[in-house]
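Containing mmCIF, C-alpha atoms: data22.cif.
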```cif
data_work
loop_
_atom_site.label_atom_id
_atom_site.label_comp_id
_atom_site.auth_asym_id
_atom_site.auth_seq_id
_atom_site.Cartn_x
_atom_site.Cartn_y
_atom_site.Cartn_z
CA MET K 395 20.40 81.41 -91.15
CA LYS K 396 19.27 79.53 -94.18
CA ASP K 397 17.58 76.13 -94.05
CA THR K 398 20.67 74.68 -95.74
CA LEU K 399 22.72 75.14 -92.55
CA GLN K 400 22.59 71.55 -91.34
CA ALA K 401 24.81 69.10 -89.50
CA GLY K 402 26.89 67.11 -91.96
CA LEU K 403 28.15 70.17 -93.85
CA GLU K 404 31.82 69.60 -94.81
CA TYR K 405 34.40 72.00 -96.21
CA SER K 406 38.11 71.87 -97.04
CA PHE K 407 40.62 74.67 -97.57
CA ALA K 408 44.38 74.76 -98.19
CA PHE K 409 46.85 77.52 -97.37
CA LYS K 410 50.59 77.69 -98.06
CA ILE K 411 52.50 78.67 -94.93
CA ASP K 412 54.96 81.53 -95.32
CA GLU K 413 57.24 83.24 -92.80
CA SER K 414 54.51 85.65 -91.71
CA LYS K 415 52.66 82.71 -90.10
CA LEU K 416 55.58 81.35 -88.04
CA VAL K 417 55.97 81.62 -84.26
CA PRO K 418 58.42 84.59 -84.34
CA ALA K 419 55.82 86.63 -86.28
CA LEU K 420 52.96 85.93 -83.87
CA PHE K 421 53.61 88.91 -81.59
CA PRO K 422 56.57 90.84 -82.98
CA GLU K 423 56.62 92.85 -79.73
CA ALA K 424 57.40 89.69 -77.74
CA GLU K 425 61.12 89.06 -77.46
CA GLU K 426 60.38 85.49 -76.37
CA PHE K 427 58.54 84.64 -79.60
CA GLY K 428 61.37 86.15 -81.64
CA VAL K 429 63.83 83.45 -80.58
CA MET K 430 61.47 80.49 -80.87
CA PRO K 431 61.51 77.91 -83.70
CA ASN K 432 60.48 78.97 -87.21
CA VAL K 433 57.37 76.79 -87.41
CA PHE K 434 53.65 77.42 -87.99
CA ALA K 435 52.30 79.13 -84.87
CA THR K 436 49.41 77.58 -82.96
CA GLY K 437 47.74 81.01 -82.89
CA TYR K 438 47.72 81.13 -86.68
CA LEU K 439 46.58 77.50 -86.83
CA VAL K 440 43.51 78.45 -84.79
CA GLY K 441 42.91 81.37 -87.16
CA LEU K 442 43.14 79.04 -90.16
CA ILE K 443 40.57 76.71 -88.59
CA GLU K 444 38.24 79.66 -87.98
CA TRP K 445 38.73 80.92 -91.54
CA THR K 446 37.83 77.49 -92.92
CA CYS K 447 34.68 77.34 -90.80
CA ILE K 448 33.67 80.86 -91.89
CA GLN K 449 34.08 79.88 -95.54
CA ALA K 450 31.99 76.75 -94.95
CA LEU K 451 29.19 78.74 -93.31
CA LYS K 452 29.08 81.86 -95.46
CA PRO K 453 26.77 80.43 -98.20
CA HIS K 454 24.34 79.30 -95.49
CA LEU K 455 24.01 82.69 -93.79
CA ASP K 456 22.52 86.03 -94.74
CA TRP K 457 26.08 87.34 -95.21
CA PRO K 458 27.27 89.93 -94.21
CA ALA K 459 24.31 90.76 -91.91
CA GLU K 460 24.75 87.35 -90.27
CA GLN K 461 28.22 86.19 -89.35
CA THR K 462 29.77 83.77 -86.86
CA VAL K 463 32.20 84.22 -84.01
CA GLY K 464 34.40 81.58 -82.42
CA THR K 465 33.55 80.76 -78.81
CA LYS K 466 35.52 77.59 -78.05
CA VAL K 467 38.58 75.89 -79.51
CA GLU K 468 39.67 72.41 -78.41
CA VAL K 469 42.56 71.28 -80.60
CA SER K 470 45.91 69.61 -80.18
CA HIS K 471 48.87 70.90 -82.18
CA LEU K 472 50.43 67.54 -83.03
CA ALA K 473 53.32 68.31 -85.41
CA ALA K 474 55.53 71.23 -86.40
CA THR K 475 55.15 72.72 -89.89
CA PRO K 476 57.89 74.84 -91.51
CA ALA K 477 57.30 77.61 -94.04
CA GLY K 478 56.77 76.41 -97.59
CA LEU K 479 54.39 73.57 -96.79
CA GLU K 480 50.70 73.74 -97.56
CA VAL K 481 48.29 73.10 -94.71
CA ALA K 482 44.99 71.50 -95.72
CA THR K 483 42.15 72.00 -93.26
CA LYS K 484 38.93 69.99 -93.16
CA VAL K 485 35.91 70.91 -91.07
CA LYS K 486 32.63 69.10 -90.53
CA LEU K 487 29.60 70.63 -88.85
CA ILE K 488 28.53 67.91 -86.42
CA GLU K 489 25.94 69.71 -84.29
CA THR K 490 23.59 72.66 -84.52
CA ASP K 491 21.70 73.99 -81.52
CA GLY K 492 19.96 77.19 -82.53
CA ARG K 493 22.76 79.67 -83.20
CA ARG K 494 25.42 77.38 -81.65
CA LEU K 495 27.47 75.35 -84.14
CA ILE K 496 29.99 72.60 -83.35
CA PHE K 497 32.64 71.48 -85.84
CA GLU K 498 35.08 68.58 -85.94
CA VAL K 499 38.31 69.94 -87.38
CA GLU K 500 41.62 68.63 -88.62
CA ALA K 501 44.60 69.83 -90.61
CA HIS K 502 47.45 68.10 -92.42
CA ASP K 503 50.68 69.61 -93.81
CA GLY K 504 51.22 66.97 -96.50
CA ILE K 505 53.54 65.03 -94.23
CA ASP K 506 51.87 64.94 -90.82
CA LEU K 507 48.45 65.35 -89.27
CA ILE K 508 49.05 68.63 -87.43
CA THR K 509 45.78 69.11 -85.59
CA ARG K 510 42.54 67.43 -84.66
CA GLY K 511 39.77 68.64 -82.41
CA ARG K 512 36.57 70.64 -82.11
CA HIS K 513 35.57 74.23 -82.65
CA GLU K 514 32.40 76.02 -81.53
CA ARG K 515 30.94 79.07 -83.26
CA PHE K 516 27.83 81.21 -82.73
CA VAL K 517 25.78 82.91 -85.42
CA ILE K 518 25.50 86.64 -84.71
CA ASN K 519 23.64 89.59 -86.14
CA LYS K 520 26.57 91.85 -87.09
CA GLU K 521 24.70 95.12 -86.45
CA LYS K 522 23.58 94.05 -82.95
CA PHE K 523 27.00 92.64 -82.14
CA ASP K 524 28.73 95.87 -83.19
CA ALA K 525 26.25 97.90 -81.12
CA GLY K 526 27.17 95.82 -78.07
CA ILE K 527 30.87 96.42 -78.68
CA SER K 528 30.25 100.17 -79.04
CA LYS K 529 28.34 100.17 -75.75
CA LYS K 530 31.19 98.30 -74.05
CA LEU K 531 33.72 100.85 -75.33
CA ALA K 532 31.56 103.72 -74.12
CA GLY K 533 31.80 102.31 -70.60
#
```
Take the structure in the file and give it back as C-alpha cells.
Amino acid sequence: MKDTLQAGLEYSFAFKIDESKLVPALFPEAEEFGVMPNVFATGYLVGLIEWTCIQALKPHLDWPAEQTVGTKVEVSHLAATPAGLEVATKVKLIETDGRRLIFEVEAHDGIDLITRGRHERFVINKEKFDAGISKKLAG
C-alpha cells in the first residue's frame, strides 16, 4: 500500500445498464430469475460498487501484486433501474485500519437514488492469496 491510501479518497464511475445486467441474466440456469422483472439486478449492483472501489484503490496499491477483496456489503437497493439508463456510482473511503478499508457508497440512475450503504474491503497480496486458494482446492 502506498502512503497515498488515506481516508477521504473519493471516486466516481458511470456504467450504462444493458440487458446482460438485468435480473433474468443473473443466473441463466435459474428458472425463477428468468421470469422476474427486467431491471438492474442487485447482484450486479454489488459488483458495480466493488468495481468502483477497485478503480479508486488501484493507483494507491502496488498493482497487481496488491489487490483488494470485498468482505462486507451493507447496501439497500432503493429503486428499480431498467436497461438503457446510466448508473453513476460514488465511493468514499471513510476508514482505514491496516489492510481493512471501509467505504461509504451510493449510486444514482439519473432519476432515482438506487443505493446507499457501506462496503468493506481488505488489501491482499495476490500471490499469497492465490497460494491459499490452491491449498484449499488441494484439500
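All polymer residues at most 12 Å from (27.7, 78.3, -100.8), using all atoms listed in the file, appear as Lys396, Thr398, Leu399, Leu403, Glu404, Tyr405, Ile448, Gln449, Ala450, Leu451, Lys452, Pro453, His454, Leu455, Asp456 and Trp457 of chain K.
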#### Entry: Selection dump of the PyMOL selection byres ((chain K and resi 437-441) around 9), as a PyMOL selection string
chain K and resi 415-417+420+434-436+442-446+467+469+471+501+509
- request: Find the residues near range 520-528 of chain K: any atom within 9 Å, counting only C-alpha atoms, skip ones fewer than 3 places away on the same chain, and give them as a ChimeraX atom specification.
  value: /K:458-462,531-533
Selection: 8 Å around Gly478 in chain K, all atoms listed in the file, excl. self and same-chain fewer than 2 positions, as JSON, numbers by chain = {"K": [410, 411, 412, 476, 480]}
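The two atoms in question, CA of Ala473 in chain K and CA of Arg510 in chain K, are spaced 10.8 Å apart.
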Cut-off 8 Å around (60.9, 72.2, -84.4) with all atoms listed in the file: residues as a PyMOL selection string:
chain K and resi 431-433+474-475
Could you dump the residues just selected with C-alpha atoms as an mmCIF file, in the coordinates of the input?
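Okay, result28.cif is ready:
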```
data_model
loop_
_atom_site.group_PDB
_atom_site.id
_atom_site.type_symbol
_atom_site.label_atom_id
_atom_site.label_comp_id
_atom_site.auth_asym_id
_atom_site.auth_seq_id
_atom_site.Cartn_x
_atom_site.Cartn_y
_atom_site.Cartn_z
ATOM 1 C CA PRO K 431 61.510 77.910 -83.700
ATOM 2 C CA ASN K 432 60.480 78.970 -87.210
ATOM 3 C CA VAL K 433 57.370 76.790 -87.410
ATOM 4 C CA ALA K 474 55.530 71.230 -86.400
ATOM 5 C CA THR K 475 55.150 72.720 -89.890
#
```
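For the choices K:Lys530, K:Lys466, K:Arg493, K:His502, the atom-to-atom distance to Leu479 in chain K is smallest for K:His502 when using all atoms listed in the file.
Each of K:Ile505, K:Val429, K:Cys447, K:Leu472 was compared to Leu487 in chain K using only C-alpha atoms, and K:Cys447 turns out to be the nearest.
CA of Phe409 in chain K is found 29.5 Å from CA of Asp397 in chain K.
Atom to atom, CA of Leu495 in chain K and CA of Ala401 in chain K stand 8.7 Å apart.
When all atoms listed in the file are used to compute distances to Ile508 in chain K, the closest of the residues K:Gly464, K:Glu426, K:Lys484, K:Ala419 turns out to be K:Lys484.
For the choices K:Gly511, K:Asp503, K:Glu425, K:Ala408, the atom-to-atom distance to Lys486 in chain K is smallest for K:Gly511 when using all atoms listed in the file.
Minimum atom-to-atom distance to Glu500 in chain K, evaluated using all atoms listed in the file, belongs to K:Ala482 out of K:Ile518, K:Ala477, K:Ala482, K:Gln400.
You can rank K:Gly428, K:Gly492, K:Pro422, K:Gly402 by their closest distance to Val517 in chain K using all atoms listed in the file, and at the top of that list sits K:Gly492.
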Adding 4 Å on each side of the box along x, y and z that holds all listed atoms of range 490-504 of chain K, could you give its centre and edge lengths in Å to one decimal, as JSON?
```
{"center_x": 35.6, "center_y": 73.3, "center_z": -89.0, "size_x": 39.3, "size_y": 20.7, "size_z": 23.0}
```
